[in-house]
Amino acid sequence: MVVHAVLLIAIPLLSAFLIPLIRKISKWFTISILTLNSIFSILVLFEVYNKGMIYEIIAFSPPVGIYLAIDNLSALLALIINVFGAINFVSTLKEKSFKFHMLYLLAIAGSTGIVITGDIFNMFVFFEITAVASYALVASKKSEKAVEGAIKYMILGSLGSTFILMGIALIYSQMKSLNIYDIANRISMMNENIKWISFAFLLTGIGVEAELFPLNGWVPDVYEGASSGIASLLSFGPSKAAIYAIARLLIVIFPSMHTYEIALWIGVATLLMGEIAAFMQTDAKRMLAYSSIGQMGLILIAFSLVSQGIRYSIPASFFLIVSHASAKSSLFLLSHKNKMGSALTKYGGITAVLSLIGMPPLAGFWGKWYLFLGAASEKLWLVIILIFFSGIIEAAYFARYLHRSIGEEKMEASYAYPMAVLSTFSLAFGLLPFIYKMANMHLLGGV
Amino acid sequence: MRKQASVVITVIFFLSLTFAFYQISSSYNYMENKYDYTNPINESSANESVPQHYIKDTKNETGAINVVTAIVVEYRGFDTLGEVTVLFTAATGVGFLLYNLYSRKKNKREANLILREGSKIVLPFALLTGAYIFIHGHLTPGGGFPGGSVIASGFLLMMLSYPKFFMNEKRLSVLESLAGITFVLIGLFGLIFATYFLQNYLNLGNVGYLISAGIIPLIYIAVGFKVGSELASVIQNLKEVQE
Amino acid sequence: MIEFTIIAWVMSFLAIASALYAIKTKDLLSAAISMGIASLVVSIMFLLLQAPDVAITEASIGAGLTMAVFIYAIGKTERWEE
């Protein structure tokens with residue numbers, strides 16, 4: 001059977017257009033579409049697992065047209081975004097407005113598009129969809145804090161989009177192509193100065209979405225203001241897609257020692273800033289938001305180790321992404337009430353925290369393990385010490401968090417169940433052996 | 001302090017852009033051979049650049065005279081679908097956030113006589129121009145986006161001159177959805193009748209005639225309706241909202 | 001060719017001047033209007049650079065609809081910046 005990966009994007013778009021015509025049943029329709037998409041993303045994952053890499057041409061064969069290029073990491077990210085999106089939707093069932101459902105579907109479709117497209121301008125378009133949908137979803141709580149966060153996000157996000165567009169225009173002016181693989185093949189012909197300027201622009205622009213230091217001023221306000229379901233969506237959807245876009249930028253388009261070094265130190269700065277700021281927070285949601293920033297720094301460090309530690313870097317980033325996506329989204333759902341009364345919520349919360357601080361055999365442990373191996377193979381002892389240090393800070397504030405949030409009060413079932421299921425993923429991905437083989441396969445461009 | 005920092009950042013931004021453009025203009029050579037491209041799927045390479053391909057082969061491959069339209073709708077049709085969706089998302093978000101704040105007050109000031117009578121005369125021409133621009137997108141400059149925005153600005157003119165002018169919200173959104181569904185379905189039929197999403201599966205016809213170029217006019221008509229109704233509904237939302 | 005150069009210089013000067021005025025002025029309404037002027041001028045530039053497609057879009061969206069959105073928003077809030 002031929003799996004058309006374009007349906008991963010086309011079906012949510014079609015149903016988002018369809019929802020205004022069937023307002024009455026929009027909730028059930030959205031649930032079924034999200035489920036369909038999750039099944040579909042599993043099929044795509046198996047296809048990639050068997051074939052190595054799949055391409056889907058759209059309209060014309062590249063580089064004249066556009067194509068989708070799905071490597072192992074993007075298939076896994078598409079799976080995470082779609083499956084988690086379907087599970088997380090349960091926590092937002094209270095929302096009655098059909099427009100909310102449309103925006104949710106569009107955010108999922110956009111994030112999926114970022115990870116599976118093989119065309120740099122197409123990536124920008126999906127960035128726009130994701131970003132615009134996220135602004136509206138953040139503001140959907142309509143409290144003062146939510147609107148403030150959304151406006152900050154919108155201003156920074158639209159500046160970031162401008163930077164991305166400028167970077168793409170500079171690349172196109174030199175390479176006369178927008179196809180990522182085509183650009184990567186001929187990048188050595190590019191004028192050195194323009195290459196660096198476009199790299200800086202693209203890193204700045206995508207860095208806003210990927211919560212990198214120093215472009216993450218919006219993060220705490222947005223996560224604090226948004227409702228729990230949306231904060232959870234943002235933590236596994238757009239930010240993960242953006243960090244993967246940075247990985248494509250770094251590993252496929254601009255592979256050189258200097259870019260790796262820049263990414264490494266930006267990652268370290270992001271990690272330290274996030275973890276130290278999280279330690280100093282008293283509000284649970286803000287603490288989780290800063291902790292997210294720290295984790296994004298960790299993932300960027302993992303991606304930047306590809307020159308020597310390629311054997312470890314890709315699995316490390318993959319496990320870190322899985323661990324962070326599942327654990328952090330589950331903790332954001334927990335932060336709705338922030339009390340772990342029932343056994344289910346206790347299980348979910350403790351699994352999530354253990355995965356984040358890296359306890360074997362959860363996914364977070366494997367992530368940090370491969371990260372240390374990768375850094376050791378590059379002989380970056382200072383980085384290893386800093387990661388250790390930040391891990392200790394992380395453990396400290398998460399211990400405090402657990403201590404505070406254990407209580408008698410119970411959460412609604414619509415939050416408790418998705419939360420438990422989401423944190424189970426970090427357990428499952430840590431235990432399944434085929435994941436390692438999956439994570440070791442080749443990326444786009446044959447790295 | 002903040003102000004100085006922002007000025008410094010802006011200056012750095014513009015200086016780097018200027019430098020980049022200077023570099024581009026100093027190394028610009030259009031027909032140079034170094035722009036040969038590689039096909040990423042079978043790794044074959046061809047001795048022409050993507051822009052050269054667009055200029056040379058557009059008429060044969062898509063049947064459109066307007067190369068810009070051919071690029072926007074055919075070669076990069078997926079991007080257009082995405083851009084339409086961006087606009088759709090923005091319109092939905094505006095409607096979603098402002099929905100509860102409606103109250104239609106009647107005490108709005110009337111516009112003056114010249115504006116009222118003038119807009120009556122101009123409106124049909126604005127609508128006709130918009131429709132012409134998007135229907136003839138494959139033949140003359142313009143297309144769905146410009147046409148739709150011209151239509152929306154016609155309605156904006158009506159809103160300015162008649163404060164009580166009001167478009168039915170529900171009908172607008174139905175029109176918008178139908179246009180969007182048409183676009184995606186045309187793309188999906190490509191998977192069924194041909195091989196790829198958004199592939200041109202209709203007869204290309206006589207190049208230069210109104211009914212030619214396969215799916216391009218159909219998509220552009222859908223885009224025109226969609227953009228027009230979206231922009232109109234955004235403006236109406238903003239006009240009707242009360243603080 | 002010389003006419004083209006003169007028009008291009010005048011247009012660029014106008015665009016930059018109206019953009020700067022939009023930043024400087026405390027009156028939000030005139031800021032919105034000068035942004036509209038900037039887009040109109042830029043759309044003429046697009047026309048001179050032989051991009052009529054972009055010129056039509058820029059004229060109707062930049063100079064028409066965006067300005068209307070700004071003006072409606074200013075009407076709901078305040079006209080003067082503090």
# chains A, B, ... in the order shown; residues from 1 in each chain; ligands from 1
>>> interface_residues(of="chain B", to="chain C", cutoff="7 Å", atoms="only C-alpha atoms", output="number ranges by chain")
B: 141-142, 145-146, 149-150, 153, 235, 238-239, 243
>>> residues_around(residues="Ile74 of chain C", least_positions_apart="4", cutoff="8 Å", atoms="only C-alpha atoms", output="VMD selection string")
chain C and resid 28 to 29 70 78 to 79
>>> write_last_selection(atoms="all heavy atoms", output="PDB file, in the first residue's frame")
ATOM      1  N   LEU C  28      -1.671  58.587  16.324  1.00  0.00           N
ATOM      2  CA  LEU C  28      -1.712  57.251  15.708  1.00  0.00           C
ATOM      3  C   LEU C  28      -2.442  57.258  14.384  1.00  0.00           C
ATOM      4  O   LEU C  28      -2.123  56.487  13.483  1.00  0.00           O
ATOM      5  CB  LEU C  28      -2.375  56.262  16.671  1.00  0.00           C
ATOM      6  CG  LEU C  28      -1.562  55.965  17.914  1.00  0.00           C
ATOM      7  CD1 LEU C  28      -2.318  55.015  18.814  1.00  0.00           C
ATOM      8  CD2 LEU C  28      -0.237  55.351  17.551  1.00  0.00           C
ATOM      9  N   LEU C  29      -3.448  58.149  14.260  1.00  0.00           N
ATOM     10  CA  LEU C  29      -4.215  58.194  13.021  1.00  0.00           C
ATOM     11  C   LEU C  29      -3.312  58.608  11.863  1.00  0.00           C
ATOM     12  O   LEU C  29      -3.300  57.981  10.800  1.00  0.00           O
ATOM     13  CB  LEU C  29      -5.375  59.174  13.182  1.00  0.00           C
ATOM     14  CG  LEU C  29      -6.466  59.056  12.136  1.00  0.00           C
ATOM     15  CD1 LEU C  29      -7.098  57.693  12.189  1.00  0.00           C
ATOM     16  CD2 LEU C  29      -7.503  60.123  12.344  1.00  0.00           C
ATOM     17  N   PHE C  70      -6.272  49.382  10.792  1.00  0.00           N
ATOM     18  CA  PHE C  70      -5.651  50.257  11.793  1.00  0.00           C
ATOM     19  C   PHE C  70      -6.631  51.328  12.252  1.00  0.00           C
ATOM     20  O   PHE C  70      -6.747  51.621  13.444  1.00  0.00           O
ATOM     21  CB  PHE C  70      -4.416  50.939  11.198  1.00  0.00           C
ATOM     22  CG  PHE C  70      -3.182  50.111  11.284  1.00  0.00           C
ATOM     23  CD1 PHE C  70      -2.386  49.908  10.172  1.00  0.00           C
ATOM     24  CD2 PHE C  70      -2.800  49.538  12.487  1.00  0.00           C
ATOM     25  CE1 PHE C  70      -1.247  49.146  10.254  1.00  0.00           C
ATOM     26  CE2 PHE C  70      -1.660  48.784  12.560  1.00  0.00           C
ATOM     27  CZ  PHE C  70      -0.882  48.580  11.437  1.00  0.00           C
ATOM     28  N   GLU C  78      -7.591  54.682  21.506  1.00  0.00           N
ATOM     29  CA  GLU C  78      -7.274  56.104  21.627  1.00  0.00           C
ATOM     30  C   GLU C  78      -6.456  56.572  20.439  1.00  0.00           C
ATOM     31  O   GLU C  78      -5.700  55.812  19.858  1.00  0.00           O
ATOM     32  CB  GLU C  78      -6.472  56.342  22.905  1.00  0.00           C
ATOM     33  CG  GLU C  78      -7.362  56.417  24.119  1.00  0.00           C
ATOM     34  CD  GLU C  78      -6.532  56.545  25.373  1.00  0.00           C
ATOM     35  OE1 GLU C  78      -5.331  56.821  25.267  1.00  0.00           O
ATOM     36  OE2 GLU C  78      -7.119  56.361  26.445  1.00  0.00           O
ATOM     37  N   ARG C  79      -6.625  57.871  20.158  1.00  0.00           N
ATOM     38  CA  ARG C  79      -5.935  58.390  18.989  1.00  0.00           C
ATOM     39  C   ARG C  79      -4.508  58.816  19.316  1.00  0.00           C
ATOM     40  O   ARG C  79      -3.631  58.724  18.465  1.00  0.00           O
ATOM     41  CB  ARG C  79      -6.714  59.590  18.459  1.00  0.00           C
ATOM     42  CG  ARG C  79      -6.119  60.096  17.191  1.00  0.00           C
ATOM     43  CD  ARG C  79      -6.946  61.173  16.579  1.00  0.00           C
ATOM     44  NE  ARG C  79      -6.146  61.868  15.578  1.00  0.00           N
ATOM     45  CZ  ARG C  79      -6.583  62.867  14.847  1.00  0.00           C
ATOM     46  NH1 ARG C  79      -7.810  63.293  15.004  1.00  0.00           N
ATOM     47  NH2 ARG C  79      -5.798  63.444  13.972  1.00  0.00           N
TER      48      ARG C  79
END
>>> residues_around(residues="Leu172 of chain B", least_positions_apart="3", cutoff="6 Å", atoms="only C-alpha atoms", output="PyMOL selection string")
chain B and resi 169+175+229
>>> write_last_selection(atoms="N, CA and C atoms", output="PDB file, in the first residue's frame")
ATOM      1  N   GLU B 169     -22.767  37.245   8.354  1.00  0.00           N
ATOM      2  CA  GLU B 169     -21.575  36.551   8.842  1.00  0.00           C
ATOM      3  C   GLU B 169     -21.542  35.086   8.396  1.00  0.00           C
ATOM      4  N   LEU B 175     -19.231  30.647   2.367  1.00  0.00           N
ATOM      5  CA  LEU B 175     -18.548  30.890   1.094  1.00  0.00           C
ATOM      6  C   LEU B 175     -17.066  30.581   1.223  1.00  0.00           C
ATOM      7  N   SER B 229     -13.786  36.937   0.745  1.00  0.00           N
ATOM      8  CA  SER B 229     -14.702  36.796   1.871  1.00  0.00           C
ATOM      9  C   SER B 229     -13.958  36.869   3.199  1.00  0.00           C
TER      10      SER B 229
END
>>> closest_residue(among="B:Gly130, B:Phe78, B:Ser44, B:Leu157", to="Arg116 of chain B", atoms="only C-alpha atoms")
B:Leu157
>>> interface_residues(of="chain B", to="chain A", cutoff="7 Å", atoms="only C-alpha atoms", output="VMD selection string")
chain B and resid 16 20 35 37 to 40 49 to 51 74 to 76 79 82 to 83 85 to 86 89 to 90 92 to 93 96 to 97 173 to 174 177 180 to 181 184 196 to 199
>>> write_last_selection(atoms="N, CA, C and O atoms", output="short mmCIF file (atom, residue, chain, number, x, y, z; two decimals), in the first residue's frame")
data_model
loop_
_atom_site.label_atom_id
_atom_site.label_comp_id
_atom_site.auth_asym_id
_atom_site.auth_seq_id
_atom_site.Cartn_x
_atom_site.Cartn_y
_atom_site.Cartn_z
N SER B 16 23.52 44.76 7.84
CA SER B 16 23.82 43.43 7.32
C SER B 16 23.04 43.15 6.05
O SER B 16 23.56 42.56 5.10
N ALA B 20 24.57 42.40 2.44
CA ALA B 20 24.20 41.21 1.68
C ALA B 20 23.75 41.59 0.28
O ALA B 20 24.15 40.95 -0.70
N TYR B 35 24.41 27.60 -11.73
CA TYR B 35 23.11 27.40 -11.09
C TYR B 35 22.46 26.08 -11.48
O TYR B 35 21.27 25.92 -11.35
N TYR B 37 20.89 22.53 -11.33
CA TYR B 37 20.24 22.00 -10.14
C TYR B 37 20.29 20.48 -10.07
O TYR B 37 20.54 19.79 -11.05
N THR B 38 20.05 19.99 -8.87
CA THR B 38 20.06 18.55 -8.62
C THR B 38 18.65 18.12 -8.25
O THR B 38 18.01 18.77 -7.44
N ASN B 39 18.21 17.03 -8.83
CA ASN B 39 16.94 16.47 -8.39
C ASN B 39 17.19 15.62 -7.17
O ASN B 39 17.94 14.64 -7.23
N PRO B 40 16.60 15.97 -6.03
CA PRO B 40 16.95 15.28 -4.80
C PRO B 40 16.49 13.84 -4.74
O PRO B 40 17.01 13.07 -3.95
N SER B 49 19.03 26.44 -14.31
CA SER B 49 18.59 26.79 -12.97
C SER B 49 17.07 26.74 -12.91
O SER B 49 16.39 26.62 -13.93
N VAL B 50 16.54 26.81 -11.70
CA VAL B 50 15.10 26.76 -11.56
C VAL B 50 14.41 27.93 -12.26
O VAL B 50 13.44 27.73 -13.00
N PRO B 51 14.90 29.18 -12.11
CA PRO B 51 14.26 30.29 -12.85
C PRO B 51 14.31 30.10 -14.36
O PRO B 51 13.33 30.39 -15.06
N GLU B 74 0.76 26.36 -9.90
CA GLU B 74 1.15 25.01 -10.29
C GLU B 74 2.41 24.53 -9.58
O GLU B 74 2.37 23.60 -8.77
N TYR B 75 3.55 25.20 -9.89
CA TYR B 75 4.80 24.69 -9.36
C TYR B 75 4.83 24.74 -7.84
O TYR B 75 5.30 23.83 -7.19
N ARG B 76 4.37 25.85 -7.29
CA ARG B 76 4.39 25.99 -5.84
C ARG B 76 2.97 26.11 -5.30
O ARG B 76 2.70 26.90 -4.40
N ASP B 79 2.42 25.86 -1.50
CA ASP B 79 2.65 27.08 -0.75
C ASP B 79 1.44 27.98 -0.77
O ASP B 79 1.09 28.60 0.24
N GLY B 82 -1.01 26.84 1.56
CA GLY B 82 -0.60 27.24 2.90
C GLY B 82 -0.88 28.70 3.17
O GLY B 82 -1.39 29.05 4.23
N GLU B 83 -0.59 29.56 2.19
CA GLU B 83 -0.80 31.00 2.41
C GLU B 83 -2.28 31.31 2.59
O GLU B 83 -2.65 32.12 3.43
N THR B 85 -4.35 29.32 3.81
CA THR B 85 -4.69 28.85 5.14
C THR B 85 -4.23 29.82 6.21
O THR B 85 -4.90 29.98 7.23
N VAL B 86 -3.08 30.48 5.99
CA VAL B 86 -2.63 31.47 6.96
C VAL B 86 -3.67 32.57 7.11
O VAL B 86 -4.06 32.94 8.23
N THR B 89 -6.62 31.23 8.89
CA THR B 89 -6.35 31.11 10.33
C THR B 89 -6.48 32.47 11.00
O THR B 89 -7.07 32.59 12.08
N ALA B 90 -5.92 33.49 10.35
CA ALA B 90 -5.97 34.82 10.94
C ALA B 90 -7.42 35.29 11.05
O ALA B 90 -7.83 35.82 12.09
N THR B 92 -10.10 33.43 11.19
CA THR B 92 -10.77 32.64 12.22
C THR B 92 -10.39 33.14 13.60
O THR B 92 -11.24 33.25 14.49
N GLY B 93 -9.09 33.43 13.78
CA GLY B 93 -8.64 33.89 15.09
C GLY B 93 -9.29 35.21 15.47
O GLY B 93 -9.76 35.37 16.60
N PHE B 96 -12.82 34.51 16.33
CA PHE B 96 -12.90 33.76 17.59
C PHE B 96 -12.71 34.68 18.79
O PHE B 96 -13.42 34.59 19.79
N LEU B 97 -11.74 35.60 18.68
CA LEU B 97 -11.43 36.43 19.84
C LEU B 97 -12.44 37.56 20.03
O LEU B 97 -12.68 37.99 21.14
N SER B 173 -18.94 32.98 5.95
CA SER B 173 -18.08 31.87 6.37
C SER B 173 -18.37 30.63 5.55
O SER B 173 -17.47 29.83 5.28
N VAL B 174 -19.63 30.46 5.12
CA VAL B 174 -19.95 29.31 4.26
C VAL B 174 -19.23 29.43 2.93
O VAL B 174 -18.61 28.48 2.43
N SER B 177 -15.60 28.64 3.44
CA SER B 177 -15.30 27.21 3.58
C SER B 177 -15.43 26.50 2.25
O SER B 177 -14.60 25.66 1.92
N GLY B 180 -12.41 27.07 0.21
CA GLY B 180 -11.26 26.32 0.71
C GLY B 180 -11.37 24.84 0.39
O GLY B 180 -10.40 24.20 -0.04
N ILE B 181 -12.59 24.30 0.58
CA ILE B 181 -12.80 22.87 0.29
C ILE B 181 -12.52 22.58 -1.18
O ILE B 181 -11.90 21.58 -1.54
N VAL B 184 -8.73 22.31 -1.75
CA VAL B 184 -8.12 21.06 -1.28
C VAL B 184 -8.60 19.88 -2.10
O VAL B 184 -7.83 18.98 -2.44
N TYR B 196 0.24 12.92 -8.41
CA TYR B 196 0.63 13.74 -7.27
C TYR B 196 -0.49 14.66 -6.82
O TYR B 196 -1.41 14.96 -7.57
N PHE B 197 -0.35 15.12 -5.58
CA PHE B 197 -1.25 16.12 -5.04
C PHE B 197 -1.11 17.41 -5.85
O PHE B 197 0.00 17.81 -6.18
N LEU B 198 -2.24 18.01 -6.20
CA LEU B 198 -2.27 19.28 -6.94
C LEU B 198 -1.74 19.18 -8.36
O LEU B 198 -1.46 20.19 -8.98
N GLN B 199 -1.57 17.96 -8.87
CA GLN B 199 -1.09 17.86 -10.24
C GLN B 199 -2.18 18.29 -11.22
O GLN B 199 -3.37 18.13 -10.95
#
>>> residues_around(residues="Leu210 of chain B", least_positions_apart="6", cutoff="10 Å", atoms="only C-alpha atoms", output="NGL selection string")
:B and (64 or 135-139 or 217)
>>> residues_around(residues="Ala245 of chain A", least_positions_apart="5", cutoff="8 Å", atoms="only C-alpha atoms", output="PDB file with C-alpha atoms, in the first residue's frame")
ATOM      1  CA  ILE A 114       7.126  21.995   9.331  1.00  0.00           C
ATOM      2  CA  VAL A 115       8.641  18.637  10.137  1.00  0.00           C
ATOM      3  CA  ILE A 206      13.321  30.060  13.932  1.00  0.00           C
TER       4      ILE A 206
END
>>> select_by_dssp(residues="segment 285-405 of chain A", states="alpha helix (DSSP H)", output="ChimeraX atom specification")
/A:285-303,310-334,343-357,363-377,381-405
>>> residues_around(residues="segment 233-243 of chain A", least_positions_apart="4", cutoff="6 Å", atoms="only C-alpha atoms", output="compact mmCIF listing (two decimals) with N, CA, C and O atoms, in the first residue's frame")
# COMPACT_ATOMS: atom_id res chain seq x y z
N ILE A 81 3.47 14.69 17.25
CA ILE A 81 2.56 15.83 17.18
C ILE A 81 1.12 15.35 17.00
O ILE A 81 0.21 15.81 17.69
N SER A 111 2.22 22.31 12.42
CA SER A 111 3.43 21.73 13.03
C SER A 111 3.87 20.49 12.28
O SER A 111 5.07 20.27 12.09
N VAL A 115 7.68 19.73 10.01
CA VAL A 115 8.64 18.64 10.14
C VAL A 115 8.73 17.77 8.89
O VAL A 115 9.77 17.17 8.67
N GLU A 209 10.59 30.79 17.68
CA GLU A 209 9.64 29.72 17.92
C GLU A 209 10.24 28.61 18.78
O GLU A 209 9.55 27.97 19.55
N ALA A 210 11.55 28.39 18.60
CA ALA A 210 12.18 27.27 19.30
C ALA A 210 12.63 27.67 20.70
O ALA A 210 13.33 26.91 21.36
N ALA A 325 8.57 16.19 25.19
CA ALA A 325 7.21 16.37 24.68
C ALA A 325 6.21 15.69 25.59
O ALA A 325 5.20 16.29 25.98
N SER A 329 4.22 18.04 28.45
CA SER A 329 2.80 18.27 28.18
C SER A 329 1.96 17.69 29.31
O SER A 329 0.94 18.28 29.70
>>> atom_distance(atom1="atom CA of Ser38 of chain A", atom2="atom CA of Ala75 of chain A")
11.6 Å
>>> atom_distance(atom1="atom CA of Ala46 of chain B", atom2="atom CA of Ser256 of chain A")
26.6 Å
>>> atom_distance(atom1="atom CA of Ala15 of chain C", atom2="atom CA of Ala126 of chain B")
26.3 Å
>>> residues_around(residues="Tyr162 of chain B", least_positions_apart="2", cutoff="8 Å", atoms="only C-alpha atoms", output="PyMOL selection string")
chain B and resi 110-111+116+158-160+164-165
